[in-house]
$ cat run-v4.tsv   # TSV, C-alpha atoms
chain	number	residue	atom	x	y	z
H	11	MET	CA	288.04	143.12	263.91
H	12	LYS	CA	288.45	139.62	265.33
H	13	GLN	CA	289.73	140.93	268.63
H	14	LYS	CA	286.69	143.19	269.05
H	15	VAL	CA	284.40	140.13	268.81
H	16	ILE	CA	286.42	137.85	271.10
H	17	TRP	CA	286.22	140.02	274.24
H	18	PRO	CA	282.42	140.37	274.33
H	19	VAL	CA	282.03	136.64	273.62
H	20	LEU	CA	284.51	135.74	276.36
H	21	SER	CA	282.78	138.11	278.77
H	22	LEU	CA	279.39	136.53	278.06
H	23	ALA	CA	280.86	133.03	278.43
H	24	LEU	CA	282.44	133.96	281.76
H	25	ALA	CA	279.16	135.47	282.97
H	26	ALA	CA	277.30	132.30	281.95
H	27	VAL	CA	279.79	130.10	283.80
H	28	CYS	CA	279.44	132.28	286.90
H	29	VAL	CA	275.65	131.96	286.80
H	30	VAL	CA	275.86	128.18	286.41
H	31	LEU	CA	278.29	127.92	289.34
H	32	LEU	CA	276.04	130.12	291.47
H	33	VAL	CA	273.01	127.94	290.71
H	34	LEU	CA	274.97	124.75	291.48
H	35	TRP	CA	276.33	126.23	294.70
H	36	GLN	CA	272.86	127.25	295.86
H	37	GLY	CA	271.55	123.79	295.04
H	38	GLU	CA	274.34	122.13	297.03
H	39	LYS	CA	273.88	124.58	299.90
H	40	ASN	CA	270.18	123.73	300.10
H	41	ARG	CA	270.89	119.99	300.08
H	42	ALA	CA	272.11	119.83	303.69
H	43	PRO	CA	268.62	119.74	305.27
H	44	GLU	CA	267.75	116.76	303.09
H	45	ILE	CA	270.74	114.85	304.44
H	46	ASP	CA	269.83	115.87	307.98
H	47	ASP	CA	266.28	114.64	307.40
H	48	LEU	CA	267.60	111.36	306.01
H	49	ARG	CA	269.85	110.94	309.08
H	50	LEU	CA	266.83	111.44	311.35
H	51	TYR	CA	264.78	109.04	309.22
H	52	GLY	CA	267.55	106.44	309.50
H	53	MET	CA	267.58	106.83	313.30
H	54	GLU	CA	263.80	106.51	313.53
H	55	GLU	CA	263.65	103.49	311.23
H	56	ALA	CA	266.54	101.74	312.98
H	57	HIS	CA	264.78	102.29	316.30
H	58	ALA	CA	261.45	101.05	314.92
H	59	ARG	CA	262.97	97.92	313.36
H	60	PHE	CA	265.03	97.08	316.43
H	61	SER	CA	261.90	97.54	318.58
H	62	ASP	CA	259.98	95.24	316.23
H	63	TYR	CA	262.75	92.66	316.53
H	64	LEU	CA	262.57	92.81	320.32
H	65	ARG	CA	258.79	92.46	320.22
H	66	LEU	CA	258.40	89.87	317.44
H	67	GLY	CA	261.82	88.22	317.10
H	68	ASP	CA	261.90	88.42	313.28
H	69	GLU	CA	265.52	88.36	312.03
H	70	GLY	CA	264.51	90.49	309.05
H	71	ASP	CA	263.64	93.35	311.39
H	72	TYR	CA	267.08	93.19	312.97
H	73	TRP	CA	268.88	93.32	309.62
H	74	TYR	CA	266.62	96.06	308.30
H	75	GLY	CA	267.39	98.05	311.47
H	76	ALA	CA	271.13	97.49	311.02
H	77	ALA	CA	270.87	98.76	307.42
H	78	GLU	CA	268.96	101.85	308.56
H	79	PHE	CA	271.58	102.43	311.23
H	80	GLN	CA	274.21	102.39	308.48
H	81	THR	CA	272.13	104.94	306.53
H	82	MET	CA	272.19	107.18	309.59
H	83	VAL	CA	275.98	106.79	309.86
H	84	ASN	CA	276.48	107.57	306.16
H	85	CYS	CA	274.39	110.73	306.44
H	86	ALA	CA	276.33	111.81	309.52
H	87	ARG	CA	279.55	111.29	307.55
H	88	ALA	CA	278.17	113.47	304.73
H	89	GLU	CA	277.34	116.14	307.32
H	90	ASN	CA	280.84	115.82	308.78
H	91	LEU	CA	279.52	115.22	312.31
H	92	GLY	CA	281.73	114.28	315.22
H	93	GLY	CA	281.59	110.78	316.62
H	94	MET	CA	282.12	109.05	313.29
H	95	THR	CA	284.72	106.59	314.64
H	96	ASP	CA	282.29	105.50	317.34
H	97	ALA	CA	279.34	105.32	314.94
H	98	ASN	CA	281.32	103.21	312.46
H	99	ALA	CA	282.46	100.88	315.25
H	100	ALA	CA	278.87	100.46	316.47
H	101	ALA	CA	277.67	99.75	312.92
H	102	GLY	CA	280.44	97.17	312.59
H	103	VAL	CA	279.28	95.34	315.70
H	104	LEU	CA	275.69	95.42	314.44
H	105	MET	CA	276.77	93.84	311.16
H	106	PHE	CA	279.56	91.49	312.18
H	107	ASN	CA	278.56	90.42	315.68
H	108	PRO	CA	274.75	90.28	315.57
H	109	GLU	CA	274.42	87.91	318.53
H	110	LEU	CA	276.13	90.40	320.84
H	111	ALA	CA	274.20	93.34	319.40
H	112	GLN	CA	270.87	91.53	319.59
H	113	SER	CA	271.41	90.82	323.28
H	114	ARG	CA	271.75	94.56	323.90
H	115	LEU	CA	269.10	95.95	321.56
H	116	GLY	CA	266.99	97.35	324.40
H	117	ASP	CA	269.87	99.61	325.37
H	118	VAL	CA	270.56	100.42	321.70
H	119	CYS	CA	266.94	101.54	321.33
H	120	ALA	CA	267.22	103.73	324.44
H	121	ILE	CA	270.31	105.44	323.03
H	122	LEU	CA	268.59	105.97	319.68
H	123	GLU	CA	265.60	107.47	321.50
H	124	THR	CA	267.93	110.07	323.03
H	125	CYS	CA	269.21	110.96	319.55
H	126	ILE	CA	265.70	111.08	318.09
H	127	ALA	CA	264.48	113.36	320.90
H	128	GLN	CA	267.20	115.91	320.03
H	129	PRO	CA	267.89	115.42	316.31
H	130	ASP	CA	269.66	118.77	315.85
H	131	ASN	CA	271.93	118.33	318.87
H	132	THR	CA	275.02	117.04	317.08
H	133	ALA	CA	277.11	117.07	320.27
H	134	GLN	CA	274.58	114.73	321.91
H	135	TRP	CA	274.70	112.50	318.82
H	136	ALA	CA	278.48	112.16	319.17
H	137	VAL	CA	278.18	111.36	322.89
H	138	SER	CA	275.43	108.82	322.16
H	139	MET	CA	277.52	107.13	319.47
H	140	ASN	CA	280.41	106.87	321.96
H	141	GLU	CA	278.09	105.37	324.56
H	142	LEU	CA	276.69	102.96	321.98
H	143	ARG	CA	280.15	101.87	320.86
H	144	HIS	CA	281.23	101.12	324.42
H	145	LEU	CA	277.97	99.32	325.13
H	146	LEU	CA	278.41	97.07	322.11
H	147	GLU	CA	282.19	96.53	322.28
H	148	GLU	CA	282.79	96.36	326.01
H	149	GLY	CA	279.41	95.46	327.44
H	150	ASN	CA	279.21	98.51	329.73
$ encode --input "run-v4.tsv" --output "structure tokens"
Amino acid sequence: MKQKVIWPVLSLALAAVCVVLLVLWQGEKNRAPEIDDLRLYGMEEAHARFSDYLRLGDEGDYWYGAAEFQTMVNCARAENLGGMTDANAAAGVLMFNPELAQSRLGDVCAILETCIAQPDNTAQWAVSMNELRHLLEEGN
């Protein structure tokens, strides 16, 4: 008698687990556009804050822009985009060598504008991050 009850209960439990996993998978699958939107938001905010810094000279705008740039990099990492080594290096210069980065913010803004103009072009994002890294590290 016990064995007759166990199999239906186990079958129902397995079905419930499958449904829960399906719901979680669908939720995770649908999360990607939110990360992509956050990456674009980070790019736009970094550009806006760096532009404000160039226009007004407020240090707070520079640091806010550097933080938003890091948000963009973190979202790109979550999306597993190419160019992460370059993006991390550029973020490092923004944080740890602000004098150098501030002297080149006009070019940084131009590179971010390219990324903002084509937010879904991940190959262009990787190329832009490489260009940005070389601009900030080597002065090219």
$ closest_residue --input "run-v4.tsv" --among "H:Ala133, H:Leu50, H:Leu115, H:Leu91" --to "Gly67 in chain H" --atoms "all atoms listed in the file"
H:Leu115
$ atom_distance --input "run-v4.tsv" --atom1 "CA of Arg87 in chain H" --atom2 "CA of Ala58 in chain H"
22.1 Å
$ atom_distance --input "run-v4.tsv" --atom1 "CA of Arg143 in chain H" --atom2 "CA of Tyr63 in chain H"
20.2 Å
$ atom_distance --input "run-v4.tsv" --atom1 "CA of Arg114 in chain H" --atom2 "CA of Val137 in chain H"
18.0 Å
$ residues_around --input "run-v4.tsv" --residues "Leu104 in chain H" --least-positions-apart "3" --cutoff "10 Å" --atoms "all atoms listed in the file" --output "VMD selection string"
chain H and resid 72 to 73 75 to 77 79 to 80 98 to 101 107 to 112 115 146
$ closest_residue --input "run-v4.tsv" --among "H:Met94, H:Leu142, H:Leu64, H:Ala86" --to "Pro129 in chain H" --atoms "all atoms listed in the file"
H:Ala86
$ residues_around --input "run-v4.tsv" --residues "Asp46 in chain H" --least-positions-apart "3" --cutoff "12 Å" --atoms "all atoms listed in the file" --output "MDAnalysis selection string"
chainID H and resid 40:43 49:53 81:91 126 129:132
$ closest_residue --input "run-v4.tsv" --among "H:Thr95, H:Ser61, H:Asn140, H:Gln134" --to "Ala120 in chain H" --atoms "all atoms listed in the file"
H:Ser61
$ decode --input "run-v4.tsv" --residues "range 110-147 of chain H" --atoms "N, CA, C and O atoms" --output "PDB file, in the first residue's frame"
ATOM      1  N   LEU H 110      45.155  62.187 -15.610  1.00  0.00           N
ATOM      2  CA  LEU H 110      45.350  61.782 -17.002  1.00  0.00           C
ATOM      3  C   LEU H 110      44.006  61.651 -17.710  1.00  0.00           C
ATOM      4  O   LEU H 110      43.824  62.162 -18.817  1.00  0.00           O
ATOM      5  N   ALA H 111      43.069  60.978 -17.074  1.00  0.00           N
ATOM      6  CA  ALA H 111      41.754  60.768 -17.689  1.00  0.00           C
ATOM      7  C   ALA H 111      41.027  62.093 -17.910  1.00  0.00           C
ATOM      8  O   ALA H 111      40.414  62.296 -18.966  1.00  0.00           O
ATOM      9  N   GLN H 112      41.116  62.990 -16.952  1.00  0.00           N
ATOM     10  CA  GLN H 112      40.423  64.272 -17.084  1.00  0.00           C
ATOM     11  C   GLN H 112      40.980  65.091 -18.239  1.00  0.00           C
ATOM     12  O   GLN H 112      40.242  65.829 -18.897  1.00  0.00           O
ATOM     13  N   SER H 113      42.258  64.937 -18.516  1.00  0.00           N
ATOM     14  CA  SER H 113      42.850  65.690 -19.625  1.00  0.00           C
ATOM     15  C   SER H 113      42.392  65.153 -20.987  1.00  0.00           C
ATOM     16  O   SER H 113      42.578  65.823 -22.000  1.00  0.00           O
ATOM     17  N   ARG H 114      41.809  63.985 -20.995  1.00  0.00           N
ATOM     18  CA  ARG H 114      41.380  63.364 -22.257  1.00  0.00           C
ATOM     19  C   ARG H 114      39.873  63.102 -22.308  1.00  0.00           C
ATOM     20  O   ARG H 114      39.413  62.290 -23.107  1.00  0.00           O
ATOM     21  N   LEU H 115      39.123  63.771 -21.451  1.00  0.00           N
ATOM     22  CA  LEU H 115      37.684  63.484 -21.372  1.00  0.00           C
ATOM     23  C   LEU H 115      36.921  63.828 -22.645  1.00  0.00           C
ATOM     24  O   LEU H 115      35.907  63.191 -22.941  1.00  0.00           O
ATOM     25  N   GLY H 116      37.380  64.808 -23.397  1.00  0.00           N
ATOM     26  CA  GLY H 116      36.711  65.123 -24.665  1.00  0.00           C
ATOM     27  C   GLY H 116      36.731  63.924 -25.602  1.00  0.00           C
ATOM     28  O   GLY H 116      35.711  63.583 -26.226  1.00  0.00           O
ATOM     29  N   ASP H 117      37.885  63.268 -25.675  1.00  0.00           N
ATOM     30  CA  ASP H 117      37.999  62.072 -26.514  1.00  0.00           C
ATOM     31  C   ASP H 117      37.210  60.906 -25.924  1.00  0.00           C
ATOM     32  O   ASP H 117      36.615  60.117 -26.657  1.00  0.00           O
ATOM     33  N   VAL H 118      37.194  60.793 -24.598  1.00  0.00           N
ATOM     34  CA  VAL H 118      36.403  59.750 -23.933  1.00  0.00           C
ATOM     35  C   VAL H 118      34.929  59.917 -24.296  1.00  0.00           C
ATOM     36  O   VAL H 118      34.245  58.951 -24.639  1.00  0.00           O
ATOM     37  N   CYS H 119      34.453  61.162 -24.241  1.00  0.00           N
ATOM     38  CA  CYS H 119      33.050  61.434 -24.582  1.00  0.00           C
ATOM     39  C   CYS H 119      32.760  61.073 -26.040  1.00  0.00           C
ATOM     40  O   CYS H 119      31.697  60.521 -26.342  1.00  0.00           O
ATOM     41  N   ALA H 120      33.691  61.366 -26.938  1.00  0.00           N
ATOM     42  CA  ALA H 120      33.487  61.029 -28.349  1.00  0.00           C
ATOM     43  C   ALA H 120      33.380  59.514 -28.537  1.00  0.00           C
ATOM     44  O   ALA H 120      32.535  59.035 -29.303  1.00  0.00           O
ATOM     45  N   ILE H 121      34.205  58.761 -27.823  1.00  0.00           N
ATOM     46  CA  ILE H 121      34.145  57.303 -27.927  1.00  0.00           C
ATOM     47  C   ILE H 121      32.832  56.788 -27.353  1.00  0.00           C
ATOM     48  O   ILE H 121      32.189  55.894 -27.927  1.00  0.00           O
ATOM     49  N   LEU H 122      32.403  57.357 -26.226  1.00  0.00           N
ATOM     50  CA  LEU H 122      31.122  56.944 -25.644  1.00  0.00           C
ATOM     51  C   LEU H 122      29.962  57.281 -26.574  1.00  0.00           C
ATOM     52  O   LEU H 122      28.991  56.524 -26.654  1.00  0.00           O
ATOM     53  N   GLU H 123      30.050  58.397 -27.289  1.00  0.00           N
ATOM     54  CA  GLU H 123      28.997  58.756 -28.243  1.00  0.00           C
ATOM     55  C   GLU H 123      28.865  57.695 -29.334  1.00  0.00           C
ATOM     56  O   GLU H 123      27.753  57.368 -29.760  1.00  0.00           O
ATOM     57  N   THR H 124      29.996  57.160 -29.784  1.00  0.00           N
ATOM     58  CA  THR H 124      29.969  56.086 -30.784  1.00  0.00           C
ATOM     59  C   THR H 124      29.226  54.878 -30.237  1.00  0.00           C
ATOM     60  O   THR H 124      28.410  54.276 -30.937  1.00  0.00           O
ATOM     61  N   CYS H 125      29.508  54.520 -28.979  1.00  0.00           N
ATOM     62  CA  CYS H 125      28.833  53.375 -28.358  1.00  0.00           C
ATOM     63  C   CYS H 125      27.338  53.641 -28.171  1.00  0.00           C
ATOM     64  O   CYS H 125      26.521  52.750 -28.387  1.00  0.00           O
ATOM     65  N   ILE H 126      27.000  54.846 -27.776  1.00  0.00           N
ATOM     66  CA  ILE H 126      25.601  55.202 -27.539  1.00  0.00           C
ATOM     67  C   ILE H 126      24.817  55.192 -28.852  1.00  0.00           C
ATOM     68  O   ILE H 126      23.653  54.776 -28.895  1.00  0.00           O
ATOM     69  N   ALA H 127      25.457  55.618 -29.939  1.00  0.00           N
ATOM     70  CA  ALA H 127      24.784  55.663 -31.239  1.00  0.00           C
ATOM     71  C   ALA H 127      24.427  54.269 -31.753  1.00  0.00           C
ATOM     72  O   ALA H 127      23.464  54.110 -32.492  1.00  0.00           O
ATOM     73  N   GLN H 128      25.212  53.256 -31.332  1.00  0.00           N
ATOM     74  CA  GLN H 128      24.970  51.877 -31.768  1.00  0.00           C
ATOM     75  C   GLN H 128      24.976  50.959 -30.546  1.00  0.00           C
ATOM     76  O   GLN H 128      25.877  50.126 -30.400  1.00  0.00           O
ATOM     77  N   PRO H 129      23.992  51.084 -29.668  1.00  0.00           N
ATOM     78  CA  PRO H 129      24.051  50.343 -28.398  1.00  0.00           C
ATOM     79  C   PRO H 129      23.990  48.824 -28.540  1.00  0.00           C
ATOM     80  O   PRO H 129      24.481  48.111 -27.668  1.00  0.00           O
ATOM     81  N   ASP H 130      23.424  48.319 -29.627  1.00  0.00           N
ATOM     82  CA  ASP H 130      23.315  46.870 -29.807  1.00  0.00           C
ATOM     83  C   ASP H 130      24.488  46.279 -30.581  1.00  0.00           C
ATOM     84  O   ASP H 130      24.576  45.064 -30.731  1.00  0.00           O
ATOM     85  N   ASN H 131      25.381  47.126 -31.047  1.00  0.00           N
ATOM     86  CA  ASN H 131      26.534  46.669 -31.816  1.00  0.00           C
ATOM     87  C   ASN H 131      27.653  46.318 -30.837  1.00  0.00           C
ATOM     88  O   ASN H 131      28.486  47.151 -30.501  1.00  0.00           O
ATOM     89  N   THR H 132      27.658  45.074 -30.381  1.00  0.00           N
ATOM     90  CA  THR H 132      28.624  44.670 -29.360  1.00  0.00           C
ATOM     91  C   THR H 132      30.051  44.608 -29.909  1.00  0.00           C
ATOM     92  O   THR H 132      31.005  44.810 -29.164  1.00  0.00           O
ATOM     93  N   ALA H 133      30.200  44.349 -31.203  1.00  0.00           N
ATOM     94  CA  ALA H 133      31.539  44.368 -31.800  1.00  0.00           C
ATOM     95  C   ALA H 133      32.109  45.782 -31.764  1.00  0.00           C
ATOM     96  O   ALA H 133      33.286  45.985 -31.449  1.00  0.00           O
ATOM     97  N   GLN H 134      31.279  46.778 -32.056  1.00  0.00           N
ATOM     98  CA  GLN H 134      31.721  48.175 -32.001  1.00  0.00           C
ATOM     99  C   GLN H 134      32.066  48.564 -30.568  1.00  0.00           C
ATOM    100  O   GLN H 134      33.010  49.309 -30.326  1.00  0.00           O
ATOM    101  N   TRP H 135      31.318  48.049 -29.599  1.00  0.00           N
ATOM    102  CA  TRP H 135      31.602  48.339 -28.192  1.00  0.00           C
ATOM    103  C   TRP H 135      32.997  47.832 -27.834  1.00  0.00           C
ATOM    104  O   TRP H 135      33.779  48.548 -27.201  1.00  0.00           O
ATOM    105  N   ALA H 136      33.323  46.617 -28.263  1.00  0.00           N
ATOM    106  CA  ALA H 136      34.647  46.052 -27.963  1.00  0.00           C
ATOM    107  C   ALA H 136      35.751  46.878 -28.616  1.00  0.00           C
ATOM    108  O   ALA H 136      36.782  47.161 -27.984  1.00  0.00           O
ATOM    109  N   VAL H 137      35.553  47.293 -29.857  1.00  0.00           N
ATOM    110  CA  VAL H 137      36.540  48.128 -30.554  1.00  0.00           C
ATOM    111  C   VAL H 137      36.683  49.471 -29.839  1.00  0.00           C
ATOM    112  O   VAL H 137      37.795  49.974 -29.638  1.00  0.00           O
ATOM    113  N   SER H 138      35.564  50.048 -29.425  1.00  0.00           N
ATOM    114  CA  SER H 138      35.602  51.338 -28.733  1.00  0.00           C
ATOM    115  C   SER H 138      36.316  51.233 -27.388  1.00  0.00           C
ATOM    116  O   SER H 138      37.049  52.137 -26.994  1.00  0.00           O
ATOM    117  N   MET H 139      36.103  50.132 -26.682  1.00  0.00           N
ATOM    118  CA  MET H 139      36.790  49.947 -25.399  1.00  0.00           C
ATOM    119  C   MET H 139      38.297  49.792 -25.607  1.00  0.00           C
ATOM    120  O   MET H 139      39.101  50.306 -24.835  1.00  0.00           O
ATOM    121  N   ASN H 140      38.696  49.137 -26.704  1.00  0.00           N
ATOM    122  CA  ASN H 140      40.114  49.009 -27.030  1.00  0.00           C
ATOM    123  C   ASN H 140      40.703  50.383 -27.343  1.00  0.00           C
ATOM    124  O   ASN H 140      41.786  50.733 -26.872  1.00  0.00           O
ATOM    125  N   GLU H 141      39.988  51.154 -28.134  1.00  0.00           N
ATOM    126  CA  GLU H 141      40.425  52.507 -28.478  1.00  0.00           C
ATOM    127  C   GLU H 141      40.535  53.370 -27.220  1.00  0.00           C
ATOM    128  O   GLU H 141      41.517  54.107 -27.046  1.00  0.00           O
ATOM    129  N   LEU H 142      39.554  53.248 -26.351  1.00  0.00           N
ATOM    130  CA  LEU H 142      39.557  54.025 -25.110  1.00  0.00           C
ATOM    131  C   LEU H 142      40.730  53.633 -24.211  1.00  0.00           C
ATOM    132  O   LEU H 142      41.407  54.498 -23.633  1.00  0.00           O
ATOM    133  N   ARG H 143      40.975  52.348 -24.109  1.00  0.00           N
ATOM    134  CA  ARG H 143      42.108  51.888 -23.283  1.00  0.00           C
ATOM    135  C   ARG H 143      43.420  52.472 -23.795  1.00  0.00           C
ATOM    136  O   ARG H 143      44.220  52.996 -23.024  1.00  0.00           O
ATOM    137  N   HIS H 144      43.636  52.385 -25.095  1.00  0.00           N
ATOM    138  CA  HIS H 144      44.882  52.911 -25.655  1.00  0.00           C
ATOM    139  C   HIS H 144      44.970  54.426 -25.520  1.00  0.00           C
ATOM    140  O   HIS H 144      46.059  54.962 -25.283  1.00  0.00           O
ATOM    141  N   LEU H 145      43.860  55.095 -25.663  1.00  0.00           N
ATOM    142  CA  LEU H 145      43.837  56.541 -25.472  1.00  0.00           C
ATOM    143  C   LEU H 145      44.264  56.904 -24.062  1.00  0.00           C
ATOM    144  O   LEU H 145      45.090  57.794 -23.859  1.00  0.00           O
ATOM    145  N   LEU H 146      43.723  56.202 -23.081  1.00  0.00           N
ATOM    146  CA  LEU H 146      43.991  56.529 -21.681  1.00  0.00           C
ATOM    147  C   LEU H 146      45.356  56.017 -21.204  1.00  0.00           C
ATOM    148  O   LEU H 146      46.007  56.671 -20.394  1.00  0.00           O
ATOM    149  N   GLU H 147      45.793  54.869 -21.682  1.00  0.00           N
ATOM    150  CA  GLU H 147      47.058  54.302 -21.198  1.00  0.00           C
ATOM    151  C   GLU H 147      48.280  54.806 -21.969  1.00  0.00           C
ATOM    152  O   GLU H 147      49.333  54.997 -21.385  1.00  0.00           O
TER     153      GLU H 147
END
